[in-house]
Amino acid sequence: IRPELATRISAQSAEGARQSIEELRKQRVLTRTPNGNLEFVHPLIASSIYNTMPEATRTGMHGVAAAEIENAGLGLLAASRHLVETFAGEGDDRTVRKLRRAASEHLLIGAPEAAQRCLHRALAEPPDDQDRAEVLYELGCSALLTDPVATVNQLRLALDPEEGPLRPSMRIDATFRLSEVLAHSGELRQAAVVCQVEAERTHGDPAGRLRLEAASFMWHAYRKSEEDGPARSARLGALCESLTGREAADRAVLALRAWDLTLRGEPSAEVLRHADAVLDNGRLPKGLGWTDNTWGFELPATLGLSYTYSDRIAQAERLFSDAIVQFEVAGWSGAHRGFAYFLMGLARFRRGLLAEAEDFLRRALRLSERISAKLPLAWDAVGVLIDTLIARGRSQEAWELALDFGFHPPYHATAMVLPDAASLYGKLLLAVGRPAGAAAALTEAGAQLDVRGWHNTVWAPWAGHLAIALAVDEPERARGYARRSVVDAERFGTASAIGTALRLHAQIEDGQQAVELLERAVMYLGQSPAGYEHAVALVDLGAALRRVGRLEDAQEYLYQGIELAQHCAADGLVDRARRELANYGLRPNRLGDVRETLSQPEWDVAELAVRGVPPQRIADHLALPLSLVNRRLAAVYRKAGSGPDGLAAAH
């Protein structure tokens, strides 16, 4: 390119620049891309010319480019990258409308940052007074849960009458969105109050009023402490009974009631009756989807949590899997996706798939740390991650994580942790050998939960672990808490709740009484999806049977426990079961497990060897070299722990 041409472009007005651009096209210095943009053939030329232009020329040329792209019919998405660079301060309402439409399109394709640039530019135009509040509302929604501070400020401005009028329906939505980001920033009480105050002002829109009332109930339910928890629960129950329709708002209230009943430890049949009434053929109905703009993702998350704690984990996993996919498609990479990872990690933990749980929880924690320090999401992820590490036999690592994060009293200042933080902390103290500290933490946890009327032994297993913490020094008091845990679990009625409570009770008993409790625990847990809890009960029962001299039965339960613990990736439990076996001269793995340890080629030669077929004939039958058959047989004998004579027993 001739230097004098670059100089001329830099010095020209927008119209002169247009003529120079046409000249450059003729010289084949510029080319039109498939999406309609004009680009320099060599990027260094483009950079050199662009950087030497006066600002006025650059902005003028962006205006020309935006007009050219629109005239070519290539749409506002393509034109918006130039519109945001044009002159501001002219108050052009047409430009504001274009930028708002472009922002909406950017959000639809999962580009919130581009949408925010468009809306910031629209505010700088500026918009008409009657539109300013709406632009602020749209800007706040575009940054929802990716920039909490900015979102709160923008939505508060949108709701401020001095910023201009906001349509009633948009005002309800702005209030809900403001409460949403306040809640996820830990301001649960403020979020609930914002919704309740606006609900009282809302007249002539029953659906909008119900939406705000339901949101207020939801945020109160997730608070760390509450002044009138039982009364709120009663009001929610009355509201639920008054419902007559099957609209999204009605189903939202049913979902909230299911979670309220879950926390209270009411019969799980009632929980599931309300939860199932929310779904259509097992799927979220229209209006309550994960990316729905009316209710947000908290409602389906609340529903999934009810299923998770009611032993319907497969249903919960279907919901959480949909969340991950839909958030990724929508481009929601902030707290939305982080919370979806947490929910899936919690479900995997409840199922007993501990390695998968750890992976999801660590992903959730990384995302939360990118957004802001110690959001409620981070507390949730750390809590279940601590529980997962304990289950995997890495209690010291769990303790170090708790210390590094600050997972100890007083926990999060305002938000409830999922599951109950104090119960988890007490369990952690027991795992690292600090029963006195565990007893204090769990006693305080129980007192706070009793005030709220929350008695779910799966979400908050404080009583069972408190019994273990007190067993040595106060055995009678310990038995009282253990029995209470079993009673509460039986009231809730899920197999995992009852089985786990019985297992914990057995830890403070001995002899035949411990065996009987554990036999019942194994029976219940065998009917539940709680794989890890079932594995622990099997190993505990094997150990208890060994202590009363029933070695053959003990061996069988320990082998079963090892198999299930290996499936769960509970390495610490596997080691404990093997030590139990080794202490009495028993094999750490049963011979019958050998098929699972053999590769298919090894299994092929083993099947023939068991029938007495000699190695040469095995080689002929499988068309393999004799040396390879001998190597595979050696691997079979090593894994089976037996030579040729004992292979049939291993088979």
# chains A, B, ... in the order shown; residues from 1 in each chain; ligands from 1
$ closest_atom_pairs --of "range 268-345 of chain A" --to "range 160-173 of chain A" --cutoff "10 Å" --atoms "only C-alpha atoms" --output "JSON lines"
{"residue": "A:Asn293", "atom": "CA", "partner": "A:Asp173", "partner_atom": "CA", "distance": 8.6}
{"residue": "A:Thr294", "atom": "CA", "partner": "A:Asp173", "partner_atom": "CA", "distance": 7.1}
{"residue": "A:Trp295", "atom": "CA", "partner": "A:Asp173", "partner_atom": "CA", "distance": 9.1}
$ residues_around --residues "Asp488 in chain A" --least-positions-apart "3" --cutoff "8 Å" --atoms "only C-alpha atoms" --output "list in words"
Gly265, His455, Asn456, Thr457, Arg484, Ser485, Arg491 and Phe492 of chain A
$ residues_around --residues "range 478-480 of chain A" --least-positions-apart "5" --cutoff "9 Å" --atoms "only C-alpha atoms" --output "list of chain:residue names"
A:Ala463, A:Gly464, A:Leu466, A:Ala467, A:Ile468, A:Ala469, A:Leu470, A:Ala471, A:Val472, A:Asp473, A:Ser485, A:His505, A:Ile508, A:Glu509
$ write_last_selection --atoms "C-alpha atoms" --output "mmCIF file, in the first residue's frame"
data_model
loop_
_atom_site.group_PDB
_atom_site.id
_atom_site.type_symbol
_atom_site.label_atom_id
_atom_site.label_comp_id
_atom_site.auth_asym_id
_atom_site.auth_seq_id
_atom_site.Cartn_x
_atom_site.Cartn_y
_atom_site.Cartn_z
ATOM 1 C CA ALA A 463 -27.898 -36.557 66.221
ATOM 2 C CA GLY A 464 -26.327 -39.798 64.985
ATOM 3 C CA LEU A 466 -23.350 -36.623 68.289
ATOM 4 C CA ALA A 467 -24.158 -40.043 69.745
ATOM 5 C CA ILE A 468 -20.771 -41.317 68.550
ATOM 6 C CA ALA A 469 -18.991 -38.245 69.937
ATOM 7 C CA LEU A 470 -20.565 -38.822 73.379
ATOM 8 C CA ALA A 471 -20.346 -42.630 73.442
ATOM 9 C CA VAL A 472 -17.260 -42.907 75.674
ATOM 10 C CA ASP A 473 -17.979 -40.219 78.268
ATOM 11 C CA SER A 485 -31.980 -40.146 65.016
ATOM 12 C CA HIS A 505 -26.649 -46.247 66.313
ATOM 13 C CA ILE A 508 -22.195 -47.002 70.064
ATOM 14 C CA GLU A 509 -23.350 -50.560 70.822
#
$ residues_around --residues "range 239-256 of chain A" --least-positions-apart "3" --cutoff "12 Å" --atoms "only C-alpha atoms" --output "PDB file with N, CA and C atoms, in the first residue's frame"
ATOM      1  N   PRO A 206     -52.332 -11.037  39.792  1.00  0.00           N
ATOM      2  CA  PRO A 206     -52.231 -12.142  40.764  1.00  0.00           C
ATOM      3  C   PRO A 206     -51.038 -13.056  40.507  1.00  0.00           C
ATOM      4  N   ALA A 207     -50.758 -13.335  39.227  1.00  0.00           N
ATOM      5  CA  ALA A 207     -49.628 -14.225  38.921  1.00  0.00           C
ATOM      6  C   ALA A 207     -48.310 -13.590  39.340  1.00  0.00           C
ATOM      7  N   GLY A 208     -48.162 -12.280  39.062  1.00  0.00           N
ATOM      8  CA  GLY A 208     -46.938 -11.594  39.458  1.00  0.00           C
ATOM      9  C   GLY A 208     -46.776 -11.542  40.963  1.00  0.00           C
ATOM     10  N   ARG A 209     -47.872 -11.294  41.657  1.00  0.00           N
ATOM     11  CA  ARG A 209     -47.826 -11.253  43.121  1.00  0.00           C
ATOM     12  C   ARG A 209     -47.438 -12.622  43.685  1.00  0.00           C
ATOM     13  N   LEU A 210     -48.027 -13.701  43.129  1.00  0.00           N
ATOM     14  CA  LEU A 210     -47.700 -15.044  43.602  1.00  0.00           C
ATOM     15  C   LEU A 210     -46.231 -15.364  43.334  1.00  0.00           C
ATOM     16  N   ARG A 211     -45.721 -14.889  42.213  1.00  0.00           N
ATOM     17  CA  ARG A 211     -44.311 -15.125  41.893  1.00  0.00           C
ATOM     18  C   ARG A 211     -43.406 -14.507  42.952  1.00  0.00           C
ATOM     19  N   LEU A 212     -43.698 -13.283  43.351  1.00  0.00           N
ATOM     20  CA  LEU A 212     -42.873 -12.612  44.353  1.00  0.00           C
ATOM     21  C   LEU A 212     -43.044 -13.247  45.730  1.00  0.00           C
ATOM     22  N   GLU A 213     -44.255 -13.660  46.072  1.00  0.00           N
ATOM     23  CA  GLU A 213     -44.476 -14.323  47.356  1.00  0.00           C
ATOM     24  C   GLU A 213     -43.717 -15.649  47.416  1.00  0.00           C
ATOM     25  N   ALA A 214     -43.768 -16.394  46.314  1.00  0.00           N
ATOM     26  CA  ALA A 214     -43.047 -17.674  46.281  1.00  0.00           C
ATOM     27  C   ALA A 214     -41.548 -17.451  46.402  1.00  0.00           C
ATOM     28  N   ALA A 215     -41.036 -16.426  45.720  1.00  0.00           N
ATOM     29  CA  ALA A 215     -39.606 -16.133  45.818  1.00  0.00           C
ATOM     30  C   ALA A 215     -39.225 -15.774  47.247  1.00  0.00           C
ATOM     31  N   SER A 216     -40.082 -15.008  47.930  1.00  0.00           N
ATOM     32  CA  SER A 216     -39.804 -14.656  49.325  1.00  0.00           C
ATOM     33  C   SER A 216     -39.735 -15.904  50.199  1.00  0.00           C
ATOM     34  N   PHE A 217     -40.667 -16.840  50.008  1.00  0.00           N
ATOM     35  CA  PHE A 217     -40.629 -18.114  50.748  1.00  0.00           C
ATOM     36  C   PHE A 217     -39.327 -18.857  50.466  1.00  0.00           C
ATOM     37  N   MET A 218     -38.913 -18.855  49.208  1.00  0.00           N
ATOM     38  CA  MET A 218     -37.725 -19.611  48.821  1.00  0.00           C
ATOM     39  C   MET A 218     -36.474 -19.039  49.484  1.00  0.00           C
ATOM     40  N   TRP A 219     -36.326 -17.717  49.438  1.00  0.00           N
ATOM     41  CA  TRP A 219     -35.106 -17.133  50.016  1.00  0.00           C
ATOM     42  C   TRP A 219     -35.092 -17.300  51.531  1.00  0.00           C
ATOM     43  N   HIS A 220     -36.239 -17.208  52.189  1.00  0.00           N
ATOM     44  CA  HIS A 220     -36.269 -17.453  53.634  1.00  0.00           C
ATOM     45  C   HIS A 220     -35.831 -18.889  53.948  1.00  0.00           C
ATOM     46  N   ALA A 221     -36.241 -19.826  53.106  1.00  0.00           N
ATOM     47  CA  ALA A 221     -35.906 -21.234  53.359  1.00  0.00           C
ATOM     48  C   ALA A 221     -34.407 -21.491  53.277  1.00  0.00           C
ATOM     49  N   TYR A 222     -33.682 -20.681  52.504  1.00  0.00           N
ATOM     50  CA  TYR A 222     -32.243 -20.884  52.350  1.00  0.00           C
ATOM     51  C   TYR A 222     -31.421 -20.009  53.299  1.00  0.00           C
ATOM     52  N   ARG A 232     -43.537 -19.777  59.072  1.00  0.00           N
ATOM     53  CA  ARG A 232     -43.412 -19.628  57.622  1.00  0.00           C
ATOM     54  C   ARG A 232     -43.810 -20.923  56.920  1.00  0.00           C
ATOM     55  N   SER A 233     -43.386 -22.047  57.482  1.00  0.00           N
ATOM     56  CA  SER A 233     -43.740 -23.334  56.900  1.00  0.00           C
ATOM     57  C   SER A 233     -45.255 -23.520  56.874  1.00  0.00           C
ATOM     58  N   ALA A 234     -45.906 -23.109  57.954  1.00  0.00           N
ATOM     59  CA  ALA A 234     -47.369 -23.226  58.008  1.00  0.00           C
ATOM     60  C   ALA A 234     -48.027 -22.337  56.959  1.00  0.00           C
ATOM     61  N   ARG A 235     -47.501 -21.119  56.775  1.00  0.00           N
ATOM     62  CA  ARG A 235     -48.066 -20.219  55.764  1.00  0.00           C
ATOM     63  C   ARG A 235     -47.866 -20.787  54.361  1.00  0.00           C
ATOM     64  N   LEU A 236     -46.704 -21.384  54.135  1.00  0.00           N
ATOM     65  CA  LEU A 236     -46.457 -21.994  52.828  1.00  0.00           C
ATOM     66  C   LEU A 236     -47.407 -23.163  52.596  1.00  0.00           C
ATOM     67  N   TRP A 259     -39.627 -29.031  49.163  1.00  0.00           N
ATOM     68  CA  TRP A 259     -38.350 -28.794  49.835  1.00  0.00           C
ATOM     69  C   TRP A 259     -38.567 -28.482  51.316  1.00  0.00           C
ATOM     70  N   ASP A 260     -39.601 -27.726  51.627  1.00  0.00           N
ATOM     71  CA  ASP A 260     -39.920 -27.413  53.023  1.00  0.00           C
ATOM     72  C   ASP A 260     -40.207 -28.695  53.806  1.00  0.00           C
ATOM     73  N   LEU A 261     -40.986 -29.593  53.212  1.00  0.00           N
ATOM     74  CA  LEU A 261     -41.289 -30.869  53.874  1.00  0.00           C
ATOM     75  C   LEU A 261     -40.033 -31.724  54.017  1.00  0.00           C
ATOM     76  N   THR A 262     -39.136 -31.640  53.032  1.00  0.00           N
ATOM     77  CA  THR A 262     -37.878 -32.387  53.108  1.00  0.00           C
ATOM     78  C   THR A 262     -37.064 -31.943  54.307  1.00  0.00           C
ATOM     79  N   LEU A 263     -36.885 -30.636  54.453  1.00  0.00           N
ATOM     80  CA  LEU A 263     -36.097 -30.114  55.568  1.00  0.00           C
ATOM     81  C   LEU A 263     -36.734 -30.454  56.911  1.00  0.00           C
ATOM     82  N   GLU A 270     -45.066 -37.712  51.178  1.00  0.00           N
ATOM     83  CA  GLU A 270     -45.662 -36.392  50.971  1.00  0.00           C
ATOM     84  C   GLU A 270     -44.743 -35.511  50.139  1.00  0.00           C
ATOM     85  N   VAL A 271     -43.452 -35.586  50.417  1.00  0.00           N
ATOM     86  CA  VAL A 271     -42.477 -34.827  49.632  1.00  0.00           C
ATOM     87  C   VAL A 271     -42.601 -35.184  48.154  1.00  0.00           C
ATOM     88  N   LEU A 272     -42.614 -36.472  47.874  1.00  0.00           N
ATOM     89  CA  LEU A 272     -42.635 -36.921  46.482  1.00  0.00           C
ATOM     90  C   LEU A 272     -43.981 -36.650  45.822  1.00  0.00           C
ATOM     91  N   ARG A 273     -45.049 -36.649  46.598  1.00  0.00           N
ATOM     92  CA  ARG A 273     -46.358 -36.317  46.023  1.00  0.00           C
ATOM     93  C   ARG A 273     -46.356 -34.888  45.488  1.00  0.00           C
ATOM     94  N   HIS A 274     -45.797 -33.972  46.255  1.00  0.00           N
ATOM     95  CA  HIS A 274     -45.720 -32.583  45.805  1.00  0.00           C
ATOM     96  C   HIS A 274     -44.718 -32.433  44.658  1.00  0.00           C
ATOM     97  N   ALA A 275     -43.569 -33.097  44.785  1.00  0.00           N
ATOM     98  CA  ALA A 275     -42.539 -32.959  43.751  1.00  0.00           C
ATOM     99  C   ALA A 275     -43.015 -33.521  42.415  1.00  0.00           C
ATOM    100  N   ASP A 276     -43.634 -34.682  42.429  1.00  0.00           N
ATOM    101  CA  ASP A 276     -44.087 -35.294  41.183  1.00  0.00           C
ATOM    102  C   ASP A 276     -45.180 -34.465  40.507  1.00  0.00           C
ATOM    103  N   ALA A 277     -45.952 -33.723  41.314  1.00  0.00           N
ATOM    104  CA  ALA A 277     -47.004 -32.884  40.743  1.00  0.00           C
ATOM    105  C   ALA A 277     -46.429 -31.714  39.955  1.00  0.00           C
ATOM    106  N   VAL A 278     -45.156 -31.404  40.167  1.00  0.00           N
ATOM    107  CA  VAL A 278     -44.514 -30.304  39.443  1.00  0.00           C
ATOM    108  C   VAL A 278     -44.162 -30.715  38.015  1.00  0.00           C
ATOM    109  N   LEU A 279     -43.774 -31.970  37.822  1.00  0.00           N
ATOM    110  CA  LEU A 279     -43.221 -32.422  36.550  1.00  0.00           C
ATOM    111  C   LEU A 279     -44.302 -32.866  35.573  1.00  0.00           C
ATOM    112  N   ASP A 280     -43.918 -32.859  34.308  1.00  0.00           N
ATOM    113  CA  ASP A 280     -44.728 -33.447  33.240  1.00  0.00           C
ATOM    114  C   ASP A 280     -43.948 -34.616  32.657  1.00  0.00           C
ATOM    115  N   LEU A 284     -39.255 -31.100  33.413  1.00  0.00           N
ATOM    116  CA  LEU A 284     -39.735 -29.800  33.873  1.00  0.00           C
ATOM    117  C   LEU A 284     -40.767 -29.245  32.900  1.00  0.00           C
ATOM    118  N   PRO A 285     -41.837 -28.675  33.416  1.00  0.00           N
ATOM    119  CA  PRO A 285     -42.871 -28.138  32.532  1.00  0.00           C
ATOM    120  C   PRO A 285     -42.446 -26.802  31.932  1.00  0.00           C
ATOM    121  N   LYS A 286     -43.177 -26.368  30.937  1.00  0.00           N
ATOM    122  CA  LYS A 286     -42.930 -25.066  30.332  1.00  0.00           C
ATOM    123  C   LYS A 286     -43.104 -23.978  31.387  1.00  0.00           C
ATOM    124  N   GLY A 287     -42.167 -23.059  31.432  1.00  0.00           N
ATOM    125  CA  GLY A 287     -42.224 -21.986  32.411  1.00  0.00           C
ATOM    126  C   GLY A 287     -41.362 -22.216  33.626  1.00  0.00           C
ATOM    127  N   LEU A 288     -40.889 -23.470  33.837  1.00  0.00           N
ATOM    128  CA  LEU A 288     -40.030 -23.771  34.985  1.00  0.00           C
ATOM    129  C   LEU A 288     -38.705 -24.394  34.551  1.00  0.00           C
ATOM    130  N   GLY A 289     -38.307 -24.149  33.308  1.00  0.00           N
ATOM    131  CA  GLY A 289     -37.054 -24.708  32.820  1.00  0.00           C
ATOM    132  C   GLY A 289     -35.845 -24.048  33.454  1.00  0.00           C
ATOM    133  N   ASP A 292     -35.273 -20.657  32.092  1.00  0.00           N
ATOM    134  CA  ASP A 292     -36.485 -19.846  32.000  1.00  0.00           C
ATOM    135  C   ASP A 292     -36.245 -18.485  32.651  1.00  0.00           C
ATOM    136  N   THR A 294     -38.525 -16.456  33.845  1.00  0.00           N
ATOM    137  CA  THR A 294     -39.523 -16.050  34.834  1.00  0.00           C
ATOM    138  C   THR A 294     -39.141 -16.498  36.237  1.00  0.00           C
ATOM    139  N   TRP A 295     -38.770 -17.758  36.405  1.00  0.00           N
ATOM    140  CA  TRP A 295     -38.526 -18.311  37.736  1.00  0.00           C
ATOM    141  C   TRP A 295     -37.058 -18.522  38.044  1.00  0.00           C
ATOM    142  N   GLY A 296     -36.202 -18.477  37.052  1.00  0.00           N
ATOM    143  CA  GLY A 296     -34.793 -18.719  37.316  1.00  0.00           C
ATOM    144  C   GLY A 296     -34.504 -20.191  37.548  1.00  0.00           C
ATOM    145  N   PHE A 297     -33.246 -20.480  37.810  1.00  0.00           N
ATOM    146  CA  PHE A 297     -32.846 -21.882  37.960  1.00  0.00           C
ATOM    147  C   PHE A 297     -33.021 -22.392  39.384  1.00  0.00           C
ATOM    148  N   GLU A 298     -33.356 -21.492  40.322  1.00  0.00           N
ATOM    149  CA  GLU A 298     -33.456 -21.917  41.718  1.00  0.00           C
ATOM    150  C   GLU A 298     -34.626 -22.859  41.954  1.00  0.00           C
ATOM    151  N   LEU A 299     -35.734 -22.633  41.247  1.00  0.00           N
ATOM    152  CA  LEU A 299     -36.898 -23.507  41.458  1.00  0.00           C
ATOM    153  C   LEU A 299     -36.624 -24.948  41.032  1.00  0.00           C
ATOM    154  N   PRO A 300     -36.144 -25.200  39.799  1.00  0.00           N
ATOM    155  CA  PRO A 300     -35.824 -26.598  39.467  1.00  0.00           C
ATOM    156  C   PRO A 300     -34.705 -27.171  40.331  1.00  0.00           C
ATOM    157  N   ALA A 301     -33.768 -26.315  40.777  1.00  0.00           N
ATOM    158  CA  ALA A 301     -32.721 -26.806  41.682  1.00  0.00           C
ATOM    159  C   ALA A 301     -33.319 -27.265  43.000  1.00  0.00           C
ATOM    160  N   THR A 302     -34.255 -26.480  43.525  1.00  0.00           N
ATOM    161  CA  THR A 302     -34.927 -26.842  44.776  1.00  0.00           C
ATOM    162  C   THR A 302     -35.683 -28.155  44.622  1.00  0.00           C
ATOM    163  N   LEU A 303     -36.334 -28.305  43.485  1.00  0.00           N
ATOM    164  CA  LEU A 303     -37.051 -29.553  43.221  1.00  0.00           C
ATOM    165  C   LEU A 303     -36.083 -30.731  43.177  1.00  0.00           C
ATOM    166  N   GLY A 304     -34.955 -30.552  42.474  1.00  0.00           N
ATOM    167  CA  GLY A 304     -33.966 -31.625  42.386  1.00  0.00           C
ATOM    168  C   GLY A 304     -33.384 -32.002  43.734  1.00  0.00           C
ATOM    169  N   LEU A 305     -33.208 -31.012  44.615  1.00  0.00           N
ATOM    170  CA  LEU A 305     -32.700 -31.311  45.955  1.00  0.00           C
ATOM    171  C   LEU A 305     -33.687 -32.180  46.734  1.00  0.00           C
ATOM    172  N   SER A 306     -34.975 -31.909  46.564  1.00  0.00           N
ATOM    173  CA  SER A 306     -35.977 -32.736  47.248  1.00  0.00           C
ATOM    174  C   SER A 306     -35.877 -34.184  46.789  1.00  0.00           C
ATOM    175  N   TYR A 307     -35.700 -34.394  45.490  1.00  0.00           N
ATOM    176  CA  TYR A 307     -35.533 -35.761  44.978  1.00  0.00           C
ATOM    177  C   TYR A 307     -34.232 -36.382  45.497  1.00  0.00           C
TER     178      TYR A 307
END
$ closest_residue --among "A:Thr494, A:Ser627, A:Gln507, A:Gln116" --to "Tyr524 in chain A" --atoms "only C-alpha atoms"
A:Thr494
$ closest_residue --among "A:Leu354, A:Glu134, A:Glu68, A:Ala431" --to "Ser395 in chain A" --atoms "only C-alpha atoms"
A:Ala431
$ residues_around --residues "range 423-429 of chain A" --least-positions-apart "6" --cutoff "9 Å" --atoms "only C-alpha atoms" --output "PyMOL selection string"
chain A and resi 383-384+386-387+390+395+398-399+402+407-409+435-442+445-446+459-463+465-466+469
$ write_last_selection --atoms "C-alpha atoms" --output "tab-separated table (two decimals), in the first residue's frame"
chain	number	residue	atom	x	y	z
A	383	GLY	CA	-18.99	-28.81	52.40
A	384	VAL	CA	-19.88	-31.75	50.17
A	386	ILE	CA	-15.18	-32.40	52.63
A	387	ASP	CA	-17.81	-35.13	53.08
A	390	ILE	CA	-13.87	-38.29	54.33
A	395	SER	CA	-9.77	-37.21	56.28
A	398	ALA	CA	-10.55	-32.82	54.17
A	399	TRP	CA	-9.33	-31.16	57.38
A	402	ALA	CA	-11.62	-26.88	55.81
A	407	PHE	CA	-15.10	-24.02	56.90
A	408	HIS	CA	-15.77	-23.79	60.62
A	409	PRO	CA	-18.04	-21.82	62.97
A	435	PRO	CA	-14.72	-36.03	69.70
A	436	ALA	CA	-14.98	-33.22	72.29
A	437	GLY	CA	-15.03	-30.54	69.63
A	438	ALA	CA	-17.45	-32.61	67.58
A	439	ALA	CA	-19.83	-32.93	70.52
A	440	ALA	CA	-19.90	-29.15	71.04
A	441	ALA	CA	-20.43	-28.37	67.35
A	442	LEU	CA	-23.15	-31.00	66.91
A	445	ALA	CA	-26.30	-27.60	65.42
A	446	GLY	CA	-29.13	-29.63	66.88
A	459	TRP	CA	-29.52	-33.41	55.23
A	460	ALA	CA	-28.40	-32.82	58.82
A	461	PRO	CA	-27.27	-36.08	60.53
A	462	TRP	CA	-26.18	-34.26	63.68
A	463	ALA	CA	-27.90	-36.56	66.22
A	465	HIS	CA	-22.82	-38.33	64.93
A	466	LEU	CA	-23.35	-36.62	68.29
A	469	ALA	CA	-18.99	-38.24	69.94
$ atom_distance --atom1 "CA of Gln448 in chain A" --atom2 "CA of Pro230 in chain A"
12.6 Å
$ residues_around --residues "Val382 in chain A" --least-positions-apart "4" --cutoff "12 Å" --atoms "only C-alpha atoms" --output "PyMOL selection string"
chain A and resi 342+345-346+357-358+360-366+368-369+374-378+386-389+398-408+411-412+417-421+424-425
$ write_last_selection --atoms "C-alpha atoms" --output "short mmCIF file (atom, residue, chain, number, x, y, z; two decimals), in the first residue's frame"
data_model
loop_
_atom_site.label_atom_id
_atom_site.label_comp_id
_atom_site.auth_asym_id
_atom_site.auth_seq_id
_atom_site.Cartn_x
_atom_site.Cartn_y
_atom_site.Cartn_z
CA PHE A 342 -22.45 -28.71 42.61
CA GLY A 345 -21.67 -33.61 42.59
CA LEU A 346 -24.11 -33.85 45.50
CA ALA A 357 -18.63 -36.46 42.90
CA GLU A 358 -15.20 -35.06 43.71
CA PHE A 360 -17.98 -32.16 39.82
CA LEU A 361 -17.49 -30.46 43.19
CA ARG A 362 -14.00 -29.25 42.35
CA ARG A 363 -15.31 -27.80 39.09
CA ALA A 364 -18.06 -25.99 40.99
CA LEU A 365 -15.53 -24.60 43.44
CA ARG A 366 -13.24 -23.32 40.68
CA SER A 368 -17.30 -19.91 42.23
CA GLU A 369 -13.79 -18.66 43.01
CA LYS A 374 -16.72 -17.30 49.31
CA LEU A 375 -20.11 -17.10 47.66
CA PRO A 376 -22.76 -19.47 49.11
CA LEU A 377 -21.98 -21.74 46.14
CA ALA A 378 -18.39 -22.09 47.36
CA ILE A 386 -15.18 -32.40 52.63
CA ASP A 387 -17.81 -35.13 53.08
CA THR A 388 -16.60 -36.83 49.88
CA LEU A 389 -12.95 -36.77 50.95
CA ALA A 398 -10.55 -32.82 54.17
CA TRP A 399 -9.33 -31.16 57.38
CA GLU A 400 -6.73 -29.10 55.49
CA LEU A 401 -9.38 -28.02 52.96
CA ALA A 402 -11.62 -26.88 55.81
CA LEU A 403 -8.78 -24.90 57.38
CA ASP A 404 -7.75 -23.28 54.09
CA PHE A 405 -11.29 -22.27 53.22
CA GLY A 406 -12.41 -21.34 56.73
CA PHE A 407 -15.10 -24.02 56.90
CA HIS A 408 -15.77 -23.79 60.62
CA TYR A 411 -19.74 -20.61 58.76
CA HIS A 412 -21.40 -18.35 56.18
CA VAL A 417 -25.08 -24.45 53.53
CA LEU A 418 -26.18 -27.56 51.64
CA PRO A 419 -26.03 -29.96 53.48
CA ASP A 420 -26.01 -28.52 57.00
CA ALA A 421 -22.57 -27.01 57.66
CA LEU A 424 -20.59 -31.68 58.37
CA TYR A 425 -18.08 -29.92 60.59
#
$ atom_distance --atom1 "CA of Leu598 in chain A" --atom2 "CA of Arg631 in chain A"
13.1 Å
$ atom_distance --atom1 "CA of Val96 in chain A" --atom2 "CA of Cys141 in chain A"
17.2 Å
$ select_by_dssp --residues "range 308-423 of chain A" --states "helix (DSSP H, G or I)" --output "ChimeraX atom specification"
/A:308-309,313-330,335-351,354-371,376-391,395-405,421-423
